[in-house]
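Quick notes on the structure that follows.
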Amino acid sequence: MKLCGHSVSPFVERVLIALDMKGVPDAVALSDVPGGFKSEEHLGFHPLGKIPFLLLDDGRSLSESQAIADYLDAVAGGETLAPSDPFEAGKVNRIIRVMDIYYSNAIGPMGRMAFGGSATEDELNDAKERALPEAMRYLDHCLEGSEFAVGDGWTMADACIMSHLYWFERLMPQFGAADLSDYPKVDAYWENAQASDVYKASKARADKSVAKFFASMK
Ligand SMILES: N[C@@H](CCC(=O)N[C@@H](CS)C(=O)NCC(=O)O)C(=O)O
């Protein structure tokens with residue numbers, strides 16, 4: 001199986017972190033996008049021309065990071081990252097939605113600026129003063145004050161949060177809004193997460209990929 005994309009993307013990293021948490025880091029090979037980014041071939045696998053997508057050995061493909069991570073959780077062996085208790089599973093899914101909907105949209109203007117796009121002053125201010133604080137307060141509400149996002153072990157929620165907060169840590173200092181102290185559970189969670197081996201491995205992959213990406217843009 002091939003995972004197409006690069007660790008510069010938090011959505012690619014989510015899948016890699018999940019495999020690491022499961023103890024099966026080599027379950028997929030990381031691959032360039034066949035035909036090149038936004039090529040006809042790429043659009044055939046992902047109509048929006050995004051990464052990641054998964055190519056199975058039998059030719060089938062799957063896009064959307066969480067769908068890929070859930071599929072691999074079911075087939076790749078190792079520890080499962082989905083709680084068997086339906087309510088706990090609901091809490092995991094809630095965090096994934098908070099991060100993918102509210103948080104991702106909130107940090108969008110900063111992400112665009114970092115990748116050569118643009119955002120207006122109003123958009124940046126709204127993100128800093130309203131949208132990101134709202135998303136962080138929501139995440140704080142969901143967390144349980146432990147080293148794990150939900151329950152007493154890694155779940156998909158941890159893979160999702162860690163991959164997104166890598167970019168919070170990287171982007172927000174330049175916008176003067178990197179302080180998490182208003183969100184005590186997020187702050188404590190993030191402190192612990194950063195000290196974990198899975199996050200350290202993810203950060204090393206992402207740092208390398210980001211450096212390569214920006215070098216290629218020069
Ligand atoms: N909802 C998608 C988001 C994927 C996504 O936005 N990927 C970005 C990289 S971080 C991308 O490929 N952007 C290229 C583009 O939109 O043109 C997922 O979870 O896989």
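In the structure tokens, chains take the letters A, B, ... in the order shown, each chain's residues start at 1, and ligands count up from 1 in the order shown.
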Quick one: residues within 8 Å of ligand 1, with only C-alpha atoms and all ligand atoms, as a PDB file with C-alpha atoms, in the first residue's frame?
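selection02.pdb, freshly written:
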```pdb
ATOM      1  CA  GLY A   5       1.658  12.862  -0.052  1.00  0.00           C
ATOM      2  CA  VAL A   8       4.432  18.893   5.211  1.00  0.00           C
ATOM      3  CA  SER A   9       0.681  18.179   5.306  1.00  0.00           C
ATOM      4  CA  PRO A  10      -0.870  17.639   8.739  1.00  0.00           C
ATOM      5  CA  PHE A  11      -3.394  15.367   7.036  1.00  0.00           C
ATOM      6  CA  VAL A  12      -0.622  13.070   5.814  1.00  0.00           C
ATOM      7  CA  LYS A  38      -2.482  18.443  -9.545  1.00  0.00           C
ATOM      8  CA  LEU A  48      -9.752  18.399  -5.480  1.00  0.00           C
ATOM      9  CA  GLY A  49      -6.072  17.637  -6.084  1.00  0.00           C
ATOM     10  CA  LYS A  50      -5.303  17.295  -2.392  1.00  0.00           C
ATOM     11  CA  ILE A  51      -3.116  14.994  -0.325  1.00  0.00           C
ATOM     12  CA  PRO A  52      -3.199  12.419   1.156  1.00  0.00           C
ATOM     13  CA  PHE A  53      -4.706   9.518  -0.690  1.00  0.00           C
ATOM     14  CA  SER A  63      -8.895   9.823  -0.056  1.00  0.00           C
ATOM     15  CA  GLU A  64      -9.567  11.854   3.141  1.00  0.00           C
ATOM     16  CA  SER A  65      -7.071  11.457   5.962  1.00  0.00           C
ATOM     17  CA  GLN A  66      -9.516  10.260   8.600  1.00  0.00           C
ATOM     18  CA  ALA A  67     -11.109   7.721   6.243  1.00  0.00           C
ATOM     19  CA  ASP A 100     -11.100  19.372  11.256  1.00  0.00           C
TER      20      ASP A 100
END
```
>> Residues within 12 Å of Met113 (chain A), please, as a ChimeraX atom specification. Count only C-alpha atoms; anything in the same chain fewer than 4 positions from it doesn't count.
In response: /A:107-109,117-121,123-124,171-172,174-175
Compile a residue-level contact table for region 74-175 of chain A against region 186-202 of chain A at a cut-off of 8 Å, reporting for every qualifying residue the shortest atom pair and its distance in Å to one decimal, with only C-alpha atoms counted, rows ordered by chain and ascending number, as CSV.
```
residue,atom,partner,partner_atom,distance
A:Met136,CA,A:Val186,CA,7.5
A:Leu139,CA,A:Val186,CA,7.0
A:Asp140,CA,A:Val186,CA,5.4
A:Leu143,CA,A:Val186,CA,7.1
A:Gly145,CA,A:Tyr189,CA,7.0
A:Ser146,CA,A:Tyr189,CA,6.8
A:Glu147,CA,A:Tyr189,CA,5.6
A:Phe148,CA,A:Tyr189,CA,7.3
A:Ala149,CA,A:Tyr189,CA,7.6
A:Met162,CA,A:Tyr199,CA,6.9
A:Ser163,CA,A:Ser202,CA,7.9
```
How would the residues just picked look written out with N, CA and C atoms as a compact mmCIF listing (two decimals), in the first residue's frame?
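Saved as again20.txt:
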```
# COMPACT_ATOMS: atom_id res chain seq x y z
N MET A 136 -10.28 26.62 20.24
CA MET A 136 -9.45 26.14 21.36
C MET A 136 -10.29 25.94 22.63
N LEU A 139 -12.01 22.69 22.11
CA LEU A 139 -11.10 21.55 22.35
C LEU A 139 -10.86 21.38 23.85
N ASP A 140 -10.67 22.51 24.54
CA ASP A 140 -10.43 22.45 25.99
C ASP A 140 -11.61 21.77 26.70
N LEU A 143 -11.31 17.90 26.14
CA LEU A 143 -10.20 17.15 26.74
C LEU A 143 -10.53 16.80 28.19
N GLY A 145 -8.10 16.30 30.73
CA GLY A 145 -7.09 16.63 31.72
C GLY A 145 -6.08 15.52 31.92
N SER A 146 -5.98 14.62 30.92
CA SER A 146 -5.00 13.55 31.05
C SER A 146 -4.01 13.66 29.89
N GLU A 147 -3.01 12.78 29.92
CA GLU A 147 -2.02 12.84 28.83
C GLU A 147 -2.61 12.34 27.52
N PHE A 148 -3.75 11.64 27.59
CA PHE A 148 -4.42 11.15 26.39
C PHE A 148 -5.67 11.99 26.15
N ALA A 149 -6.03 12.14 24.88
CA ALA A 149 -7.18 12.98 24.57
C ALA A 149 -8.47 12.39 25.14
N MET A 162 -2.37 16.12 17.48
CA MET A 162 -0.91 16.35 17.35
C MET A 162 -0.54 16.87 15.97
N SER A 163 -1.16 16.29 14.94
CA SER A 163 -0.80 16.71 13.58
C SER A 163 -1.20 18.17 13.35
```
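With distances restricted to only C-alpha atoms, A:Met110 is the closest residue to Glu169 (chain A) from A:Met110, A:Leu16, A:Leu56, A:Met21.
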